[in-house]
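Visitor: Hey, dropping my_file.txt in here, compact mmCIF, C-alpha atoms:
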```
# COMPACT_ATOMS: atom_id res chain seq x y z
CA MET A 1005 -10.13 14.65 44.32
CA SER A 1006 -10.38 16.18 40.85
CA GLY A 1007 -13.73 17.80 41.66
CA HIS A 1008 -12.19 19.59 44.61
CA SER A 1009 -9.25 20.61 42.43
CA HIS A 1010 -11.50 22.02 39.73
CA TRP A 1011 -13.53 23.97 42.28
CA ALA A 1012 -10.29 25.30 43.78
CA THR A 1013 -9.20 26.39 40.30
CA ILE A 1014 -12.47 28.25 39.73
CA LYS A 1015 -12.07 30.02 43.06
CA ARG A 1016 -8.51 31.07 42.18
CA LYS A 1017 -9.71 32.53 38.88
CA LYS A 1018 -12.40 34.46 40.72
CA SER A 1019 -9.89 35.65 43.29
CA ALA A 1020 -7.53 36.87 40.57
CA ALA A 1021 -10.29 39.09 39.22
CA ASP A 1022 -11.57 40.05 42.64
CA ALA A 1023 -11.29 43.70 43.61
CA LYS A 1024 -11.36 42.87 47.33
CA LYS A 1025 -7.57 42.72 47.61
CA GLY A 1026 -7.69 43.75 51.25
CA LYS A 1027 -9.35 40.48 52.24
CA ILE A 1028 -6.83 38.42 50.26
CA PHE A 1029 -3.91 40.31 51.82
CA THR A 1030 -5.35 39.90 55.32
CA ARG A 1031 -5.55 36.14 54.90
CA ILE A 1032 -2.02 35.83 53.52
CA ALA A 1033 -0.62 38.19 56.18
CA ARG A 1034 -2.02 35.99 58.93
CA GLU A 1035 -0.48 32.95 57.26
CA ILE A 1036 2.90 34.73 57.27
CA VAL A 1037 2.50 35.73 60.93
CA ILE A 1038 1.83 32.15 62.03
CA ALA A 1039 4.64 30.73 59.87
CA ALA A 1040 7.17 33.26 61.21
CA ARG A 1041 6.08 32.67 64.78
CA GLU A 1042 6.49 28.91 64.45
CA GLY A 1043 9.69 28.71 62.43
CA GLY A 1044 11.43 32.10 62.56
CA GLY A 1045 11.66 35.01 60.17
CA ASP A 1046 14.18 33.62 57.66
CA PRO A 1047 12.34 32.14 54.65
CA ASN A 1048 15.49 30.23 53.65
CA MET A 1049 15.31 28.29 56.91
CA ASN A 1050 11.52 28.25 57.26
CA VAL A 1051 9.80 26.40 54.41
CA ARG A 1052 6.28 27.35 55.44
CA LEU A 1053 7.24 31.03 55.60
CA GLY A 1054 8.96 30.88 52.22
CA LEU A 1055 5.87 29.42 50.59
CA ALA A 1056 3.63 31.99 52.27
CA ILE A 1057 5.85 34.80 50.98
CA ASP A 1058 5.71 33.31 47.47
CA LYS A 1059 1.91 33.33 47.73
CA ALA A 1060 2.00 36.96 48.88
CA LYS A 1061 4.19 38.00 45.96
CA ALA A 1062 1.95 36.16 43.50
CA ALA A 1063 -0.98 38.19 44.85
CA ASN A 1064 1.05 41.42 44.43
CA MET A 1065 1.08 42.07 48.17
CA PRO A 1066 3.32 45.08 48.96
CA LYS A 1067 6.77 44.27 50.34
CA ASP A 1068 6.18 46.50 53.37
CA SER A 1069 3.11 44.47 54.27
CA ILE A 1070 5.06 41.23 53.97
CA ASP A 1071 7.89 42.54 56.15
CA ARG A 1072 5.41 43.85 58.73
CA ALA A 1073 3.68 40.46 58.92
CA ILE A 1074 7.04 38.71 59.47
CA LYS A 1075 7.90 41.10 62.31
CA ARG A 1076 4.52 40.49 63.90
CA GLY A 1077 5.22 36.77 63.81
CA THR A 1078 8.74 36.97 65.24
CA GLY A 1079 7.65 39.37 67.99
CA GLU A 1080 9.62 42.39 66.73
CA ASP A 1081 6.32 44.25 66.42
CA LYS A 1082 5.25 44.40 70.07
CA ASP A 1083 1.92 46.06 69.26
CA SER A 1084 0.62 43.24 67.07
CA ALA A 1085 -2.42 41.13 67.92
CA ASN A 1086 -1.82 37.72 69.45
CA PHE A 1087 -3.13 35.44 66.69
CA GLU A 1088 -3.71 31.73 67.24
CA GLU A 1089 -4.51 28.88 64.89
CA ILE A 1090 -7.72 26.99 65.69
CA LEU A 1091 -9.31 24.05 63.88
CA TYR A 1092 -13.11 23.83 64.04
CA GLU A 1093 -15.29 20.93 62.98
CA GLY A 1094 -18.84 21.20 61.74
CA TYR A 1095 -21.51 20.28 59.24
CA ALA A 1096 -22.85 22.15 56.24
CA PRO A 1097 -26.40 21.47 55.00
CA HIS A 1098 -27.29 17.86 54.08
CA GLY A 1099 -24.73 16.35 56.46
CA VAL A 1100 -21.60 17.48 54.58
CA ALA A 1101 -18.61 17.39 56.94
CA LEU A 1102 -16.39 20.46 57.27
CA MET A 1103 -12.93 21.07 58.69
CA ILE A 1104 -12.44 24.82 59.14
CA GLU A 1105 -8.96 26.27 59.75
CA CYS A 1106 -8.98 29.71 61.36
CA VAL A 1107 -6.43 32.27 62.52
CA THR A 1108 -7.89 34.67 65.06
CA GLU A 1109 -7.16 36.97 67.98
CA ASN A 1110 -10.70 36.47 69.33
CA ARG A 1111 -11.90 32.87 69.35
CA ASN A 1112 -15.29 33.77 70.88
CA ARG A 1113 -16.06 36.05 67.93
CA THR A 1114 -14.84 33.46 65.45
CA VAL A 1115 -16.93 30.57 66.75
CA ALA A 1116 -20.01 32.80 67.01
CA GLU A 1117 -19.66 33.84 63.35
CA LEU A 1118 -19.14 30.26 62.20
CA ARG A 1119 -22.12 29.02 64.22
CA HIS A 1120 -24.36 31.76 62.83
CA ILE A 1121 -23.61 30.94 59.18
CA LEU A 1122 -23.86 27.18 59.62
CA SER A 1123 -27.07 27.32 61.66
CA LYS A 1124 -28.71 29.69 59.19
CA ALA A 1125 -27.88 27.28 56.34
CA GLY A 1126 -29.21 24.24 58.18
CA GLY A 1127 -25.88 22.90 59.45
CA GLY A 1128 -24.07 23.32 62.74
CA MET A 1129 -20.85 23.18 64.73
CA GLY A 1130 -19.44 19.83 65.85
CA ASP A 1131 -17.46 18.72 68.89
CA PRO A 1132 -13.71 18.00 68.51
CA GLY A 1133 -13.30 14.63 66.84
CA SER A 1134 -16.89 14.44 65.57
CA VAL A 1135 -15.82 15.21 61.99
CA SER A 1136 -12.03 14.79 61.78
CA TRP A 1137 -12.21 10.97 61.64
CA GLN A 1138 -13.69 11.34 58.15
CA PHE A 1139 -10.50 13.01 56.83
CA ASP A 1140 -6.83 12.20 56.30
CA ARG A 1141 -4.30 14.93 57.07
CA MET A 1142 -1.90 15.12 54.13
CA THR A 1143 0.82 17.19 52.55
CA TYR A 1144 -0.45 18.83 49.36
CA PHE A 1145 1.19 20.73 46.51
CA ALA A 1146 -0.48 21.95 43.30
CA LEU A 1147 1.31 23.17 40.18
CA PRO A 1148 -0.18 24.48 36.91
CA SER A 1149 -0.10 21.70 34.31
CA LYS A 1150 0.72 24.11 31.49
CA SER A 1151 3.93 25.24 33.20
CA TYR A 1152 5.55 21.94 34.18
CA ASP A 1153 6.24 18.52 32.69
CA PHE A 1154 4.32 15.82 34.56
CA ASP A 1155 7.03 13.16 34.25
CA THR A 1156 9.64 15.53 35.71
CA ILE A 1157 7.38 16.43 38.65
CA PHE A 1158 6.45 12.77 39.13
CA GLU A 1159 10.06 11.63 39.46
CA LEU A 1160 11.02 14.56 41.70
CA ALA A 1161 8.04 14.12 44.02
CA LEU A 1162 8.47 10.36 44.25
CA GLU A 1163 12.13 10.81 45.17
CA ALA A 1164 11.06 13.28 47.89
CA GLY A 1165 8.74 10.72 49.47
CA ALA A 1166 5.34 11.62 47.98
CA ASP A 1167 2.61 8.97 48.11
CA ASP A 1168 0.69 10.01 45.00
CA ILE A 1169 0.98 12.39 42.04
CA GLN A 1170 -2.04 13.19 39.87
CA GLN A 1171 -2.74 15.35 36.83
CA ASP A 1172 -5.86 16.89 35.30
CA ASP A 1173 -6.39 19.65 32.72
CA ASP A 1174 -5.34 22.43 35.09
CA LEU A 1175 -3.16 21.00 37.84
CA ILE A 1176 -0.44 18.58 38.79
CA GLU A 1177 -1.11 17.56 42.39
CA ILE A 1178 1.33 16.00 44.85
CA PHE A 1179 0.13 14.14 47.95
CA GLY A 1180 2.12 12.77 50.88
CA SER A 1181 2.11 12.22 54.62
CA PRO A 1182 2.47 15.39 56.78
CA SER A 1183 6.07 14.44 57.58
CA THR A 1184 7.06 14.77 53.90
CA PHE A 1185 6.05 18.44 53.55
CA LYS A 1186 9.49 19.96 54.12
CA THR A 1187 11.32 17.38 51.99
CA ILE A 1188 9.00 17.82 49.02
CA ALA A 1189 9.08 21.62 49.38
CA ASP A 1190 12.90 21.56 49.47
CA HIS A 1191 13.05 19.40 46.33
CA LEU A 1192 10.71 21.77 44.48
CA THR A 1193 12.69 24.83 45.60
CA LYS A 1194 16.01 23.34 44.49
CA ALA A 1195 14.48 22.62 41.08
CA ASN A 1196 13.21 26.24 40.85
CA ILE A 1197 9.61 25.01 40.85
CA THR A 1198 7.05 27.28 42.50
CA PRO A 1199 3.80 25.62 43.58
CA GLU A 1200 0.54 27.43 42.99
CA GLU A 1201 -0.80 26.02 46.25
CA SER A 1202 0.84 24.20 49.14
CA GLY A 1203 0.24 23.14 52.69
CA ILE A 1204 -0.94 20.36 54.94
CA ARG A 1205 -4.63 19.89 54.28
CA TYR A 1206 -7.50 17.59 55.17
CA LEU A 1207 -8.65 15.23 52.41
CA PRO A 1208 -11.91 13.27 52.79
CA LYS A 1209 -11.72 9.49 53.07
CA GLN A 1210 -15.07 9.24 51.30
CA GLU A 1211 -17.12 11.90 49.53
CA ILE A 1212 -20.86 12.56 49.76
CA ALA A 1213 -22.73 12.85 46.44
CA LEU A 1214 -25.72 15.21 46.32
CA ASP A 1215 -27.94 16.44 43.51
CA THR A 1216 -26.92 19.69 41.81
CA GLU A 1217 -29.29 21.96 43.76
CA LYS A 1218 -28.12 20.62 47.13
CA THR A 1219 -24.47 20.69 46.04
CA ILE A 1220 -24.74 24.38 45.11
CA LYS A 1221 -26.36 25.17 48.47
CA VAL A 1222 -23.43 23.57 50.28
CA MET A 1223 -20.88 25.33 48.05
CA LYS A 1224 -22.54 28.70 48.72
CA THR A 1225 -22.47 28.00 52.46
CA ILE A 1226 -18.73 27.30 52.19
CA GLU A 1227 -18.30 30.55 50.24
CA ASP A 1228 -20.11 32.45 53.02
CA LEU A 1229 -17.76 30.92 55.60
CA GLU A 1230 -14.73 31.82 53.48
CA GLU A 1231 -15.83 35.46 53.50
CA LEU A 1232 -15.08 35.62 57.23
CA ASP A 1233 -11.74 37.30 57.93
CA ASP A 1234 -10.72 34.65 60.47
CA VAL A 1235 -11.21 31.69 58.11
CA GLN A 1236 -8.07 30.51 56.33
CA ASN A 1237 -9.07 27.19 54.73
CA ILE A 1238 -12.14 24.96 54.55
CA TYR A 1239 -12.13 21.27 53.66
CA SER A 1240 -15.27 19.23 52.99
CA ASN A 1241 -16.28 15.72 51.98
CA LEU A 1242 -18.65 17.00 49.28
CA ASP A 1243 -18.43 15.37 45.85
CA ILE A 1244 -18.36 18.47 43.66
CA THR A 1245 -19.65 17.68 40.18
CA GLU A 1246 -18.75 19.43 36.94
CA GLU A 1247 -22.42 20.33 36.49
CA ALA A 1248 -22.58 22.10 39.86
CA ILE A 1249 -19.38 23.99 39.09
CA GLN A 1250 -20.75 25.16 35.74
CA VAL A 1251 -24.03 26.35 37.29
CA LEU A 1252 -22.23 28.24 40.07
CA GLU A 1253 -19.66 29.69 37.67
CA ASN A 1254 -22.44 31.06 35.44
CA ASN A 1255 -24.28 32.73 38.34
```
Mind turning this structure into structure tokens?
Guide:
Amino acid sequence: MSGHSHWATIKRKKSAADAKKGKIFTRIAREIVIAAREGGGDPNMNVRLGLAIDKAKAANMPKDSIDRAIKRGTGEDKDSANFEEILYEGYAPHGVALMIECVTENRNRTVAELRHILSKAGGGMGDPGSVSWQFDRMTYFALPSKSYDFDTIFELALEAGADDIQQDDDLIEIFGSPSTFKTIADHLTKANITPEESGIRYLPKQEIALDTEKTIKVMKTIEDLEELDDVQNIYSNLDITEEAIQVLENN
């Protein structure tokens, strides 16, 4: 999992220096809309919304934009688009499995854009269930290692029902079953601990190892997919090596 974590860290660094704030805000706003629609507009009662708002603030998203997204989710803004969450399955080049989470108001457009990018790269869309069996759905929290004591996080997360806690140079990661998300989030909030990343994500049961050139091709395909406005998150079973990360980071 550390390869995925390192790649995620590189992407966050790039995002922090990225001038395309509009795209970042669009993605977070849609996350807030869905969270508010599912659990209400009070972040104190809606863990997912609270975490989405924290993410928005960390990205310096204007308060008016946050409030507007909440109102769209709760239905107070009657003119807002009717967004829906859709999970697509597919394959990147070289048989790498992908789980693609989208939020869209036009599923025909979304699937056409995904199919175009994957087909052009030598991959393709998959039927429901054709890819998902290769992944476990798990609660996930990531915290910067430099900001928190591992032993403290370990004890807190274990008490909250986490299955595994790991640490590398950049992150402390907490893993658990989907049912533990709220409990772990509540424990972190009470301890005034703000995760850098959180959610219920898909983790591969087994990773595929490719040579550096092929790995970079897959990573670039994933980057192209992430550029689409409707794409929220992408999970793959690619074994991302340090060498591939260094090559891509230097490009």
Visitor: Give me the residues within 7 Å of segment 1250-1255 of chain A as a ChimeraX atom specification, counting only C-alpha atoms and dropping any in the same chain fewer than 3 places off.
Guide: /A:1220,1246-1247
Visitor: Rounded to one decimal in Å, what is the spacing between atom CA of Gly1130 of chain A and atom CA of Ala1101 of chain A?
Guide: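 The value is 9.3 Å.
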Visitor: Would you be able to write out as a list in words which residues have an atom within 12 Å of (8.2, 11.3, 41.4) in the file's coordinates, counting all atoms listed in the file?
Guide: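 Protein, DNA and RNA residues close to (8.2, 11.3, 41.4): Asp1153, Phe1154, Asp1155, Thr1156, Ile1157, Phe1158, Glu1159, Leu1160, Ala1161, Leu1162, Glu1163, Ala1164, Gly1165, Ala1166, Asp1167, Asp1168, Ile1169, Gln1170, Ile1176, Glu1177, Ile1178, Phe1179, Gly1180, Ile1188, His1191 and Leu1192 of chain A.
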Visitor: So what do you get for atom CA of Asp1174 of chain A versus atom CA of Leu1147 of chain A, distance-wise?
Guide: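 Distance reported for this atom pair: 8.4 Å.
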Visitor: What is the atom CA of Ala1116 of chain A to atom CA of Ala1040 of chain A distance in Å?
Guide: 27.8 Å
Visitor: Point out the residue among A:Asn1241, A:Asn1196, A:Thr1216, A:Asn1112 with the least atom-to-atom distance to Trp1137 of chain A, counting only C-alpha atoms.
Guide: A:Asn1241
Visitor: My list of candidates is A:Ile1121, A:Asp1081, A:Lys1186, A:Glu1200. Which is closest to Leu1053 of chain A when distances are computed with all atoms listed in the file?
Guide: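 Smallest separation from Leu1053 of chain A among the options: A:Lys1186.
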Visitor: Counting only C-alpha atoms, which residues in segment 1133-1228 of chain A sit no more than 10 Å from segment 1089-1098 of chain A? For each one, give the nearest pair of atoms and the distance in Å, sorted by chain then residue number, as a tab-separated table.
Guide:
```
residue	atom	partner	partner_atom	distance
A:Gly1133	CA	A:Glu1093	CA	7.7
A:Ser1134	CA	A:Glu1093	CA	7.2
A:Val1135	CA	A:Glu1093	CA	5.8
A:Ser1136	CA	A:Glu1093	CA	7.1
A:Ile1212	CA	A:His1098	CA	9.4
A:Leu1214	CA	A:His1098	CA	8.3
A:Lys1218	CA	A:His1098	CA	7.5
A:Thr1219	CA	A:His1098	CA	9.0
A:Lys1221	CA	A:Pro1097	CA	7.5
A:Val1222	CA	A:Pro1097	CA	6.0
A:Met1223	CA	A:Ala1096	CA	9.0
A:Lys1224	CA	A:Ala1096	CA	10.0
A:Thr1225	CA	A:Ala1096	CA	7.0
A:Ile1226	CA	A:Ala1096	CA	7.7
```
Visitor: Using only C-alpha atoms, which of the listed residues (A:Val1100, A:Met1142, A:Ala1213, A:Ala1060) sits closest to Ser1240 of chain A?
Guide: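 When distances to Ser1240 of chain A are compared using only C-alpha atoms, the smallest one comes from A:Val1100.
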Visitor: Check the smallest atom-to-atom distance from each of A:Pro1148, A:Gly1203, A:Pro1066, A:Gly1128 to Val1051 of chain A using only C-alpha atoms, then report the winner.
Guide: A:Gly1203
Visitor: Of the candidates A:Asn1237, A:Leu1229, A:Ile1244, A:Ile1032, which one gets nearest to Glu1105 of chain A if we count all atoms listed in the file?
Guide: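 Once distances to Glu1105 of chain A are computed over all atoms listed in the file, the minimum belongs to A:Asn1237.
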